[in-house]
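Asker: For reference, this is start.txt, and it has compact mmCIF, C-alpha atoms.
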```
# COMPACT_ATOMS: atom_id res chain seq x y z
CA MET A 1 -35.39 24.49 -19.98
CA VAL A 2 -32.93 21.68 -19.59
CA THR A 3 -32.75 18.61 -21.78
CA THR A 4 -32.49 15.70 -19.38
CA THR A 5 -31.57 12.73 -21.60
CA GLN A 6 -31.03 11.78 -25.22
CA PRO A 7 -34.37 11.48 -27.01
CA ARG A 8 -35.51 7.86 -27.03
CA TYR A 9 -37.73 5.96 -29.37
CA GLU A 10 -40.65 4.42 -27.54
CA PHE A 11 -43.29 1.79 -28.07
CA ARG A 12 -45.98 1.59 -25.40
CA ILE A 13 -49.19 -0.36 -24.96
CA PHE A 14 -51.96 -0.20 -22.37
CA GLY A 15 -54.44 -2.85 -21.27
CA ASN A 16 -55.85 -4.94 -18.48
CA ASN A 17 -54.67 -8.26 -19.79
CA LEU A 18 -51.01 -7.97 -20.75
CA LYS A 19 -49.91 -11.20 -19.03
CA LYS A 20 -48.58 -12.84 -22.20
CA TYR A 21 -46.11 -9.99 -22.71
CA GLU A 22 -45.24 -9.81 -19.01
CA ASN A 23 -44.40 -13.53 -19.04
CA ILE A 24 -41.91 -13.11 -21.90
CA ILE A 25 -40.30 -10.08 -20.25
CA ASN A 26 -39.95 -11.97 -16.98
CA LYS A 27 -38.30 -14.88 -18.78
CA LEU A 28 -35.81 -12.61 -20.55
CA SER A 29 -34.84 -10.27 -17.75
CA GLU A 30 -34.52 -9.93 -14.02
CA LYS A 31 -36.63 -7.21 -12.49
CA GLU A 32 -34.04 -4.47 -11.95
CA ILE A 33 -35.85 -1.84 -9.96
CA THR A 34 -39.36 -0.97 -8.80
CA ARG A 35 -40.44 2.60 -8.24
CA GLU A 36 -43.70 4.13 -7.06
CA MET A 37 -44.68 7.64 -7.97
CA ASP A 38 -47.50 10.13 -8.23
CA SER A 39 -47.81 12.36 -11.26
CA ILE A 40 -50.22 15.00 -12.43
CA TYR A 41 -50.76 15.11 -16.19
CA LEU A 42 -52.15 18.13 -17.97
CA LEU A 43 -54.31 17.22 -20.94
CA THR A 44 -56.23 18.95 -23.64
CA PRO A 45 -58.88 17.47 -25.90
CA TRP A 46 -56.90 18.55 -28.93
CA LYS A 47 -54.72 16.30 -31.00
CA ARG A 48 -51.40 17.80 -29.95
CA LYS A 49 -49.26 14.94 -28.75
CA ASN A 50 -47.00 16.58 -26.22
CA ASN A 51 -46.69 15.18 -22.75
CA VAL A 52 -46.87 17.63 -19.85
CA LYS A 53 -46.65 16.34 -16.31
CA ILE A 54 -45.73 17.32 -12.79
CA ARG A 55 -43.90 14.93 -10.52
CA GLU A 56 -42.58 15.70 -7.06
CA GLY A 57 -43.25 19.38 -7.62
CA VAL A 58 -41.27 19.49 -10.88
CA MET A 59 -42.85 20.14 -14.23
CA ASP A 60 -41.49 18.15 -17.10
CA ILE A 61 -42.41 18.17 -20.74
CA LYS A 62 -41.81 15.66 -23.46
CA ILE A 63 -42.01 16.88 -27.01
CA LEU A 64 -42.86 14.38 -29.72
CA GLU A 65 -39.93 14.81 -32.09
CA GLN A 66 -40.91 12.30 -34.73
CA GLU A 67 -42.66 9.05 -35.53
CA LEU A 68 -40.64 6.34 -37.19
CA ASP A 69 -41.77 2.84 -38.12
CA GLY A 70 -44.56 3.02 -35.57
CA LEU A 71 -42.25 4.28 -32.81
CA GLU A 72 -42.41 7.69 -31.19
CA GLN A 73 -39.29 9.67 -30.37
CA TRP A 74 -39.77 11.84 -27.32
CA ASN A 75 -37.51 14.67 -26.26
CA PRO A 76 -37.74 15.44 -22.55
CA PHE A 77 -37.23 18.86 -20.99
CA LEU A 78 -37.32 19.89 -17.38
CA VAL A 79 -39.33 23.09 -17.13
CA GLY A 80 -38.56 23.63 -13.47
CA LYS A 81 -39.65 23.22 -9.91
CA PHE A 82 -42.65 24.95 -8.43
CA PRO A 83 -43.09 27.79 -7.62
CA LEU A 84 -42.90 28.53 -11.35
CA LYS A 85 -42.74 31.98 -12.85
CA ALA A 86 -45.86 33.09 -14.72
CA ASP A 87 -43.59 33.98 -17.65
CA VAL A 88 -42.38 30.40 -17.90
CA ILE A 89 -45.92 29.03 -17.69
CA LYS A 90 -46.96 31.45 -20.40
CA SER A 91 -44.03 31.00 -22.74
CA VAL A 92 -43.33 27.28 -22.31
CA VAL A 93 -46.22 25.35 -20.78
CA PHE A 94 -49.22 26.74 -22.65
CA PRO A 95 -47.58 26.72 -26.09
CA THR A 96 -46.62 23.09 -25.49
CA LEU A 97 -50.21 22.27 -24.59
CA GLY A 98 -51.32 24.07 -27.74
CA ILE A 99 -53.82 26.33 -26.04
CA GLU A 100 -53.99 30.02 -25.43
CA SER A 101 -52.43 31.25 -22.23
CA PRO A 102 -54.71 33.01 -19.74
CA VAL A 103 -53.95 36.32 -18.06
CA PHE A 104 -51.87 35.63 -14.97
CA GLU A 105 -52.62 37.42 -11.73
CA ARG A 106 -49.46 36.32 -9.95
CA LYS A 107 -45.82 36.55 -10.88
CA LYS A 108 -45.10 33.10 -9.45
CA TYR A 109 -47.33 30.10 -8.87
CA SER A 110 -47.02 27.33 -6.32
CA LEU A 111 -48.25 23.94 -7.53
CA ASP A 112 -51.56 24.33 -5.68
CA GLN A 113 -52.05 27.83 -7.06
CA PHE A 114 -51.23 26.64 -10.55
CA ILE A 115 -53.71 23.73 -10.36
CA ASN A 116 -56.51 25.63 -8.62
CA GLU A 117 -56.18 29.08 -10.16
CA VAL A 118 -54.92 28.29 -13.65
CA VAL A 119 -55.64 24.70 -14.66
CA CYS A 120 -58.98 23.97 -12.99
CA ILE A 121 -60.68 27.07 -14.33
CA ASP A 122 -59.50 26.57 -17.90
CA PRO A 123 -62.22 24.79 -19.91
CA ASP A 124 -59.60 23.50 -22.37
CA LEU A 125 -57.52 21.75 -19.73
CA ALA A 126 -58.07 18.54 -17.84
CA VAL A 127 -56.03 17.04 -15.04
CA ALA A 128 -55.30 13.36 -14.54
CA TYR A 129 -53.96 12.23 -11.19
CA VAL A 130 -51.84 9.19 -11.92
CA TRP A 131 -50.24 6.81 -9.45
CA LYS A 132 -47.70 4.39 -10.91
CA ILE A 133 -45.76 1.40 -9.75
CA ARG A 134 -43.07 0.83 -12.38
CA HIS A 135 -41.02 -2.32 -12.72
CA ALA A 136 -37.89 -1.97 -14.87
CA TYR A 137 -36.37 -4.70 -17.05
CA THR A 138 -34.03 -4.89 -20.03
CA VAL A 139 -35.01 -6.59 -23.27
CA ASN A 140 -32.67 -6.46 -26.26
CA GLU A 141 -30.72 -3.68 -24.53
CA CYS A 142 -33.89 -1.59 -24.39
CA ILE A 143 -35.31 -0.09 -21.20
CA THR A 144 -38.44 -2.14 -20.70
CA GLU A 145 -41.12 -1.37 -18.19
CA ILE A 146 -44.19 -3.07 -16.83
CA ALA A 147 -46.27 -0.64 -14.81
CA GLU A 148 -49.55 -0.71 -12.98
CA ILE A 149 -51.13 2.69 -12.94
CA LYS A 150 -54.22 4.28 -11.47
CA VAL A 151 -55.83 7.07 -13.42
CA ASN A 152 -57.98 9.10 -11.03
CA GLY A 153 -58.27 5.88 -9.01
CA ALA A 154 -59.01 3.45 -11.87
CA SER A 155 -56.44 0.77 -12.77
CA ILE A 156 -54.84 -0.09 -16.05
CA LYS A 157 -51.49 -1.63 -17.01
CA THR A 158 -48.86 -0.47 -19.43
CA ILE A 159 -45.76 -1.98 -21.00
CA CYS A 160 -43.11 0.12 -22.69
CA VAL A 161 -39.93 -0.58 -24.63
CA GLU A 162 -37.59 2.32 -25.28
CA SER A 163 -34.12 3.04 -26.55
CA GLU A 164 -32.14 5.69 -28.36
CA ASP A 165 -31.74 3.14 -31.15
CA PRO A 166 -35.05 2.53 -32.99
CA ALA A 167 -33.80 -0.73 -34.51
CA LYS A 168 -33.35 -2.20 -31.04
CA VAL A 169 -36.91 -1.25 -30.06
CA LEU A 170 -38.31 -2.80 -33.24
CA GLU A 171 -36.34 -5.99 -32.55
CA ALA A 172 -37.53 -6.02 -28.91
CA LYS A 173 -41.13 -5.70 -30.14
CA LYS A 174 -40.60 -8.80 -32.26
CA ILE A 175 -39.08 -10.70 -29.34
CA LEU A 176 -42.11 -9.78 -27.22
CA ASN A 177 -44.53 -10.91 -29.94
CA MET A 178 -45.92 -7.43 -30.29
CA GLY A 179 -47.13 -7.49 -33.86
CA SER A 180 -46.63 -4.73 -36.37
CA LYS A 181 -50.33 -3.85 -36.21
CA MET A 182 -50.32 -3.18 -32.48
CA GLU A 183 -51.14 0.40 -31.68
CA ASN A 184 -48.43 2.53 -30.06
CA VAL A 185 -50.24 4.41 -27.30
CA ASN A 186 -48.46 7.14 -25.40
CA TYR A 187 -49.44 8.30 -21.91
CA PRO A 188 -51.40 11.41 -22.92
CA LEU A 189 -53.43 9.41 -25.43
CA ALA A 190 -54.19 6.65 -22.92
CA LEU A 191 -55.20 9.17 -20.27
CA LYS A 192 -57.38 11.04 -22.74
CA ARG A 193 -59.12 7.78 -23.61
CA VAL A 194 -59.79 6.88 -19.99
CA MET A 195 -61.07 10.38 -19.34
CA GLY A 196 -63.25 10.41 -22.44
CA LEU A 197 -61.41 13.31 -24.05
CA THR A 198 -60.94 11.38 -27.25
CA LYS A 199 -62.69 8.57 -29.04
CA LEU A 200 -62.06 4.99 -27.94
CA PRO A 201 -61.01 2.45 -30.54
CA ASP A 202 -63.13 -0.72 -30.43
CA TYR A 203 -60.44 -2.90 -28.93
CA TRP A 204 -59.78 -0.55 -26.03
CA ASN A 205 -62.92 -1.12 -24.05
CA LYS A 206 -63.22 -4.87 -24.13
CA ILE A 207 -63.02 -6.51 -20.72
CA ASP A 208 -60.05 -8.64 -21.75
CA PHE A 209 -58.08 -6.03 -23.67
CA MET B 1 -96.22 -3.22 7.75
CA SER B 2 -94.50 -6.37 6.53
CA LYS B 3 -91.30 -6.18 4.60
CA GLU B 4 -91.35 -6.67 0.87
CA LYS B 5 -89.51 -9.85 -0.02
CA LEU B 6 -86.90 -8.96 -2.61
CA THR B 7 -86.13 -11.29 -5.43
CA ILE B 8 -82.94 -10.79 -7.38
CA GLY B 9 -83.55 -9.80 -10.98
CA GLU B 10 -87.19 -8.84 -10.42
CA VAL B 11 -88.87 -5.46 -10.21
CA SER B 12 -89.60 -4.11 -6.73
CA LYS B 13 -90.59 -0.84 -5.09
CA PRO B 14 -87.89 1.84 -5.37
CA ARG B 15 -84.90 0.60 -3.43
CA PHE B 16 -82.43 2.33 -1.21
CA GLU B 17 -78.84 1.69 -2.10
CA PHE B 18 -75.41 1.72 -0.62
CA ARG B 19 -72.65 1.44 -3.18
CA THR B 20 -69.02 2.33 -3.09
CA PHE B 21 -66.11 2.26 -5.52
CA GLY B 22 -62.38 1.84 -5.04
CA ARG B 23 -59.31 -0.16 -5.96
CA GLU B 24 -60.12 -3.16 -3.75
CA PHE B 25 -62.85 -4.48 -1.50
CA ASP B 26 -61.52 -7.98 -0.96
CA VAL B 27 -62.70 -8.24 2.66
CA ALA B 28 -66.20 -6.98 1.89
CA ALA B 29 -66.42 -9.26 -1.14
CA TYR B 30 -65.33 -12.27 0.93
CA LEU B 31 -67.81 -11.49 3.71
CA MET B 32 -70.55 -10.93 1.14
CA SER B 33 -69.92 -14.33 -0.40
CA ARG B 34 -69.91 -16.08 3.00
CA LEU B 35 -72.97 -14.31 4.40
CA SER B 36 -75.05 -14.73 1.26
CA VAL B 37 -77.92 -17.15 0.96
CA PRO B 38 -77.86 -19.20 -2.26
CA VAL B 39 -78.86 -17.05 -5.21
CA PRO B 40 -80.23 -18.03 -8.63
CA ARG B 41 -77.58 -19.23 -11.03
CA LYS B 42 -78.45 -16.49 -13.54
CA VAL B 43 -77.06 -13.84 -11.17
CA TRP B 44 -73.88 -15.64 -10.14
CA GLU B 45 -71.97 -13.86 -12.83
CA ARG B 46 -73.21 -11.34 -15.37
CA ASN B 47 -71.33 -9.25 -17.91
CA SER B 48 -72.72 -6.15 -19.52
CA GLU B 49 -71.65 -3.26 -21.72
CA GLU B 50 -73.20 0.10 -21.11
CA ILE B 51 -72.82 3.71 -22.09
CA TYR B 52 -73.39 6.29 -19.38
CA ILE B 53 -74.13 9.85 -20.37
CA VAL B 54 -72.70 12.20 -17.79
CA SER B 55 -73.38 15.87 -17.57
CA LYS B 56 -71.22 18.51 -15.91
CA THR B 57 -74.31 20.21 -14.55
CA ASN B 58 -76.28 17.28 -13.19
CA ASP B 59 -75.85 14.78 -10.35
CA VAL B 60 -79.50 13.83 -9.86
CA ASN B 61 -80.35 11.99 -13.06
CA ASN B 62 -78.48 8.87 -14.08
CA THR B 63 -78.66 8.02 -17.77
CA LYS B 64 -77.41 4.77 -19.21
CA ILE B 65 -77.82 2.88 -22.43
CA ARG B 66 -77.66 -0.90 -22.56
CA ASP B 67 -78.52 -3.07 -25.57
CA GLY B 68 -79.89 -0.04 -27.45
CA LYS B 69 -82.24 0.90 -24.61
CA MET B 70 -82.00 4.08 -22.63
CA ASP B 71 -82.81 4.13 -18.95
CA ILE B 72 -82.89 7.29 -16.84
CA LYS B 73 -83.12 7.12 -13.06
CA THR B 74 -83.67 10.12 -10.86
CA PHE B 75 -82.48 10.71 -7.32
CA VAL B 76 -85.39 10.76 -4.88
CA GLN B 77 -83.99 11.06 -1.39
CA GLU B 78 -81.20 10.17 0.99
CA VAL B 79 -81.98 8.41 4.25
CA ASP B 80 -79.21 7.63 6.75
CA GLY B 81 -76.61 7.98 3.98
CA LEU B 82 -78.47 5.62 1.64
CA GLU B 83 -79.72 6.82 -1.71
CA GLN B 84 -83.09 6.12 -3.26
CA TRP B 85 -83.41 6.35 -7.04
CA ASN B 86 -86.60 6.00 -9.13
CA PRO B 87 -86.95 5.18 -12.80
CA LEU B 88 -87.67 8.40 -14.67
CA MET B 89 -87.77 7.26 -18.27
CA LYS B 90 -87.14 4.23 -20.43
CA GLY B 91 -86.71 4.52 -24.18
CA GLU B 92 -85.39 2.60 -27.11
CA PHE B 93 -83.33 3.58 -30.15
CA PRO B 94 -84.22 4.86 -32.64
CA ILE B 95 -85.69 7.42 -30.26
CA LYS B 96 -88.23 10.12 -31.11
CA ALA B 97 -87.01 13.73 -31.30
CA GLU B 98 -89.92 14.66 -29.05
CA THR B 99 -88.65 12.31 -26.33
CA LEU B 100 -85.14 13.75 -26.62
CA LYS B 101 -86.51 17.27 -26.35
CA ASN B 102 -89.02 16.70 -23.56
CA ASN B 103 -87.42 13.99 -21.46
CA VAL B 104 -83.82 13.16 -22.24
CA PHE B 105 -82.07 16.52 -22.62
CA PRO B 106 -84.01 18.09 -19.71
CA ALA B 107 -82.68 15.24 -17.54
CA PHE B 108 -79.12 16.30 -18.38
CA LYS B 109 -79.90 19.82 -17.08
CA VAL B 110 -77.63 21.42 -19.65
CA GLU B 111 -78.09 24.57 -21.65
CA GLY B 112 -78.15 24.47 -25.42
CA LEU B 113 -80.48 21.81 -26.73
CA PRO B 114 -79.17 20.55 -30.09
CA THR B 115 -81.24 21.30 -33.15
CA LEU B 116 -83.55 18.37 -33.73
CA ASP B 117 -84.65 18.45 -37.35
CA LYS B 118 -85.43 14.76 -37.77
CA SER B 119 -88.36 12.87 -36.33
CA GLU B 120 -86.21 10.22 -34.71
CA TYR B 121 -82.57 9.48 -33.98
CA THR B 122 -80.41 6.37 -33.93
CA LEU B 123 -78.06 5.64 -31.05
CA LYS B 124 -75.09 6.70 -33.20
CA GLU B 125 -76.74 10.02 -34.01
CA PHE B 126 -77.62 10.57 -30.38
CA LEU B 127 -74.02 9.87 -29.31
CA GLU B 128 -72.78 12.37 -31.90
CA MET B 129 -75.05 14.99 -30.32
CA VAL B 130 -73.64 14.14 -26.91
CA SER B 131 -70.08 14.28 -28.19
CA SER B 132 -70.55 17.74 -29.67
CA HIS B 133 -72.08 19.19 -26.49
CA PRO B 134 -69.42 20.79 -24.24
CA ASP B 135 -71.13 19.74 -20.99
CA LEU B 136 -71.95 16.14 -21.91
CA GLN B 137 -69.81 13.06 -22.19
CA ALA B 138 -70.55 9.48 -23.17
CA VAL B 139 -68.57 7.00 -21.10
CA ASN B 140 -68.10 3.33 -21.98
CA VAL B 141 -68.62 1.07 -19.01
CA GLU B 142 -68.17 -2.67 -18.93
CA LYS B 143 -69.18 -4.65 -15.86
CA GLU B 144 -68.38 -8.10 -14.52
CA ARG B 145 -71.00 -8.52 -11.80
CA TYR B 146 -71.24 -11.19 -9.11
CA GLY B 147 -74.60 -11.32 -7.33
CA TYR B 148 -75.36 -12.23 -3.70
CA MET B 149 -78.17 -11.82 -1.16
CA VAL B 150 -77.24 -10.78 2.38
CA HIS B 151 -79.80 -9.96 5.09
CA ASP B 152 -82.52 -9.87 2.42
CA THR B 153 -80.65 -7.18 0.49
CA ILE B 154 -79.49 -7.60 -3.07
CA CYS B 155 -75.72 -7.40 -3.05
CA GLU B 156 -73.10 -7.30 -5.72
CA TYR B 157 -69.38 -7.27 -6.12
CA ALA B 158 -68.29 -6.06 -9.54
CA VAL B 159 -65.22 -5.22 -11.56
CA VAL B 160 -66.08 -2.18 -13.62
CA HIS B 161 -64.09 -0.92 -16.59
CA ILE B 162 -64.61 2.80 -17.14
CA ASN B 163 -63.27 3.71 -20.58
CA GLY B 164 -61.00 0.70 -20.17
CA ALA B 165 -59.61 1.42 -16.69
CA SER B 166 -60.86 -0.78 -13.88
CA VAL B 167 -62.29 -0.16 -10.45
CA VAL B 168 -64.22 -2.44 -8.13
CA THR B 169 -67.56 -1.79 -6.52
CA VAL B 170 -69.66 -3.39 -3.79
CA ASN B 171 -73.27 -2.64 -3.07
CA SER B 172 -76.30 -3.54 -1.03
CA GLU B 173 -79.80 -2.51 -2.01
CA SER B 174 -83.23 -3.05 -0.62
CA THR B 175 -86.51 -1.35 0.07
CA GLU B 176 -85.59 -1.69 3.77
CA VAL B 177 -83.04 0.78 5.11
CA GLU B 178 -82.30 -1.20 8.28
CA ASP B 179 -81.43 -4.34 6.33
CA ILE B 180 -78.88 -2.40 4.26
CA LYS B 181 -77.36 -0.87 7.39
CA GLU B 182 -76.98 -4.32 8.93
CA THR B 183 -75.36 -5.56 5.72
CA ILE B 184 -72.94 -2.62 5.61
CA LYS B 185 -71.94 -3.40 9.21
CA ASP B 186 -71.42 -7.09 8.55
CA MET B 187 -69.39 -6.38 5.41
CA GLU B 188 -67.17 -4.08 7.50
CA LEU B 189 -68.05 -1.10 5.32
CA GLU B 190 -69.24 1.25 8.04
CA GLY B 191 -67.86 4.75 7.49
CA VAL B 192 -67.07 4.08 3.83
CA GLU B 193 -68.42 6.73 1.47
CA ASN B 194 -71.57 5.92 -0.49
CA ILE B 195 -70.50 6.52 -4.10
CA ASN B 196 -73.02 5.91 -6.87
CA TYR B 197 -72.15 5.10 -10.49
CA LEU B 198 -72.56 8.65 -11.68
CA GLN B 199 -70.16 9.94 -9.03
CA ALA B 200 -67.59 7.19 -9.62
CA ILE B 201 -67.57 7.75 -13.37
CA LYS B 202 -67.26 11.50 -12.98
CA ARG B 203 -64.33 11.07 -10.59
CA VAL B 204 -62.48 8.70 -12.92
CA ILE B 205 -62.95 10.88 -15.99
CA GLY B 206 -61.88 13.93 -14.02
CA MET B 207 -65.22 15.74 -14.13
CA ILE B 208 -65.17 15.76 -10.33
CA ASP B 209 -61.87 16.26 -8.51
CA LYS B 210 -62.43 13.76 -5.71
CA LYS B 211 -60.95 10.37 -4.87
CA LEU B 212 -62.76 7.05 -4.78
CA ALA B 213 -63.22 5.29 -1.44
CA ASN B 214 -59.78 3.67 -1.47
```
Can you turn what I pasted into structure tokens?
Answerer:
Amino acid sequence: MVTTTQPRYEFRIFGNNLKKYENIINKLSEKEITREMDSIYLLTPWKRKNNVKIREGVMDIKILEQELDGLEQWNPFLVGKFPLKADVIKSVVFPTLGIESPVFERKKYSLDQFINEVVCIDPDLAVAYVWKIRHAYTVNECITEIAEIKVNGASIKTICVESEDPAKVLEAKKILNMGSKMENVNYPLALKRVMGLTKLPDYWNKIDF
Amino acid sequence: MSKEKLTIGEVSKPRFEFRTFGREFDVAAYLMSRLSVPVPRKVWERNSEEIYIVSKTNDVNNTKIRDGKMDIKTFVQEVDGLEQWNPLMKGEFPIKAETLKNNVFPAFKVEGLPTLDKSEYTLKEFLEMVSSHPDLQAVNVEKERYGYMVHDTICEYAVVHINGASVVTVNSESTEVEDIKETIKDMELEGVENINYLQAIKRVIGMIDKKLAN
């Protein structure tokens, strides 16, 4: 496994009505880049907070290192490109997901084989197909993102502020009027909520949330 | 035989339905609004909150709960790609254990009926039973519905939030198959997959690995 970047502290929200935050971001920063991408997230109903996804045939994992002042510090690793060795899936992917590894019938798995022969038949695993269009900005020297995503075809928006320096993220939150009581929701948690794998908080399901 | 005149918001014979879900149906929604006859003000815009109970092992019974009332519809037949659903059961919470045992859980077509040691159950208790069953899932659905009437069919464009994520849906329903087919043609929806609520919800929550219509 290869560490790809320094672990960053992150604050992320999801909703359908995030215009008031988008307006502030657009006032403070030019849009720097827009990227579209498809990802496949692997999810379990359990509480483990790791983030396991596949993008452009590459599996990448983010480990939740710590929570600090309502921020989450994520440490990203590249697991590798498909085809992936069964040994790697067994020793890296399943332990990260927090579930028992199955018996593997192949030595190597293509992405399709992994999804169809390993993931889809495992009752403890769910797959979310996520399309994203991500718009990058900078607020208070933090990487700031407004993204529209589709989870298995259904739309929701997300805004994220991240930096290696937690103080800068906390300051950016203040600048964006994101109060201290706002919930920090990472991707796996949001996807689990949309897919009904975990309980929804009351605020989540209101039409104007 | 003369056609039954449909009135929006009133009970009719079992209707056939075309419905589809996707990320946008702007053209169909525009055509629907232009082709529609005036409709009663009460159906111009309606919002509702519902809970659908979906089951891994069942695609023929559609169970939803709105305002503490449970409503189960069952699939009757498909004619020319249109689906006909009939009411199977209506109940209200608190609901009798006997009704859960004889009507509700059989409609889910799952194995492993929960132990029912009380005479009746509140909605919260029922949802706890659903949550602890491995093949059942309660899904929160909020709808913003805009009603129309095209070619004597009841039509709707709606923004639907499934566990907070949004999709849009358009539909046409009537007791008359030919009227729906004409409506589908005029809304430029020919060839678009007929996707009912149960299917759309299952696709979004990942219970069925299939895409929506667009």
Asker: When you count all atoms listed in the file, which of these residues is closest to Leu113 in chain B: B:Asp179, B:Glu125, B:Asp186, B:Asp135?
Answerer: B:Asp135
Asker: Tell me, in Å to one decimal, how far CA of Phe25 in chain B is from CA of Val39 in chain B.
Answerer: 20.7 Å
Asker: Show which residues sit within 7 Å of range 94-99 of chain B, as a ChimeraX atom specification. Count only C-alpha atoms, and ignore same-chain residues fewer than 2 positions away.
Answerer: /B:91-92,101-104,116,118-123
Asker: Residues of chain B that approach chain A to 9 Å or less, counting only C-alpha atoms: could you list each one with the shortest pair of atoms and its distance in Å to one decimal, rows by chain and increasing residue number, as a Markdown table?
Answerer:
```
| residue | atom | partner | partner_atom | distance |
| --- | --- | --- | --- | --- |
| B:Gly22 | CA | A:Gly153 | CA | 7.0 |
| B:Arg23 | CA | A:Gly153 | CA | 6.8 |
| B:Glu49 | CA | A:Lys206 | CA | 8.9 |
| B:Gln137 | CA | A:Gly196 | CA | 7.1 |
| B:Ala138 | CA | A:Gly196 | CA | 7.4 |
| B:Val139 | CA | A:Gly196 | CA | 6.5 |
| B:Asn140 | CA | A:Asn205 | CA | 7.1 |
| B:Val141 | CA | A:Asn205 | CA | 7.9 |
| B:Glu142 | CA | A:Ile207 | CA | 6.7 |
| B:Lys143 | CA | A:Ile207 | CA | 8.1 |
| B:Glu144 | CA | A:Ile207 | CA | 8.3 |
| B:Val160 | CA | A:Ile207 | CA | 8.9 |
| B:His161 | CA | A:Ile207 | CA | 7.0 |
| B:Ile162 | CA | A:Val194 | CA | 6.9 |
| B:Asn163 | CA | A:Val194 | CA | 4.7 |
| B:Gly164 | CA | A:Asn205 | CA | 4.7 |
| B:Ala165 | CA | A:Ile156 | CA | 5.0 |
| B:Ser166 | CA | A:Ser155 | CA | 4.8 |
| B:Val167 | CA | A:Ala154 | CA | 5.1 |
| B:Val168 | CA | A:Ala154 | CA | 8.7 |
| B:Lys202 | CA | A:Met195 | CA | 8.9 |
| B:Arg203 | CA | A:Asn152 | CA | 6.7 |
| B:Val204 | CA | A:Asn152 | CA | 4.9 |
| B:Ile205 | CA | A:Met195 | CA | 3.9 |
| B:Gly206 | CA | A:Met195 | CA | 6.4 |
| B:Met207 | CA | A:Ala126 | CA | 8.5 |
| B:Asp209 | CA | A:Asn152 | CA | 8.5 |
| B:Lys210 | CA | A:Asn152 | CA | 8.4 |
| B:Lys211 | CA | A:Gly153 | CA | 6.7 |
| B:Leu212 | CA | A:Gly153 | CA | 6.3 |
| B:Asn214 | CA | A:Gly153 | CA | 8.0 |
```
Asker: Would you kindly return, as a list in words, each protein, DNA or RNA residue with an atom no farther than 9 Å from any atom of range 48-58 of chain A, considering all atoms listed in the file and excluding same-chain residues fewer than 4 positions away?
Answerer: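 Residues meeting the cut-off are Met37, Asp38, Ser39, Ile40, Tyr41, Leu42, Leu43, Thr44, Lys62, Ile63, Leu64, Trp74, Pro76, Leu78, Val79, Gly80, Lys81, Phe82, Pro83, Val93, Thr96, Leu97, Gly98, Ser110, Leu111, Asn186, Tyr187, Pro188 and Leu189 of chain A.
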Asker: Calculate how many Å separate CA of Ile61 in chain A from CA of Asn184 in chain A, rounding to one decimal.
Answerer: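 Pair CA of Ile61 in chain A / CA of Asn184 in chain A returns 19.2 Å.
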Asker: Pick from B:Thr115, B:Ser172, B:Gln199, B:Asn61: nearest to Leu88 in chain B, with only C-alpha atoms counted?
Answerer: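 Smallest distance to Leu88 in chain B is found for B:Asn61.
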Asker: Closest to Phe18 in chain B among B:Leu136, B:Met187, B:Leu82, B:Ile154, using only C-alpha atoms?
Answerer: B:Leu82
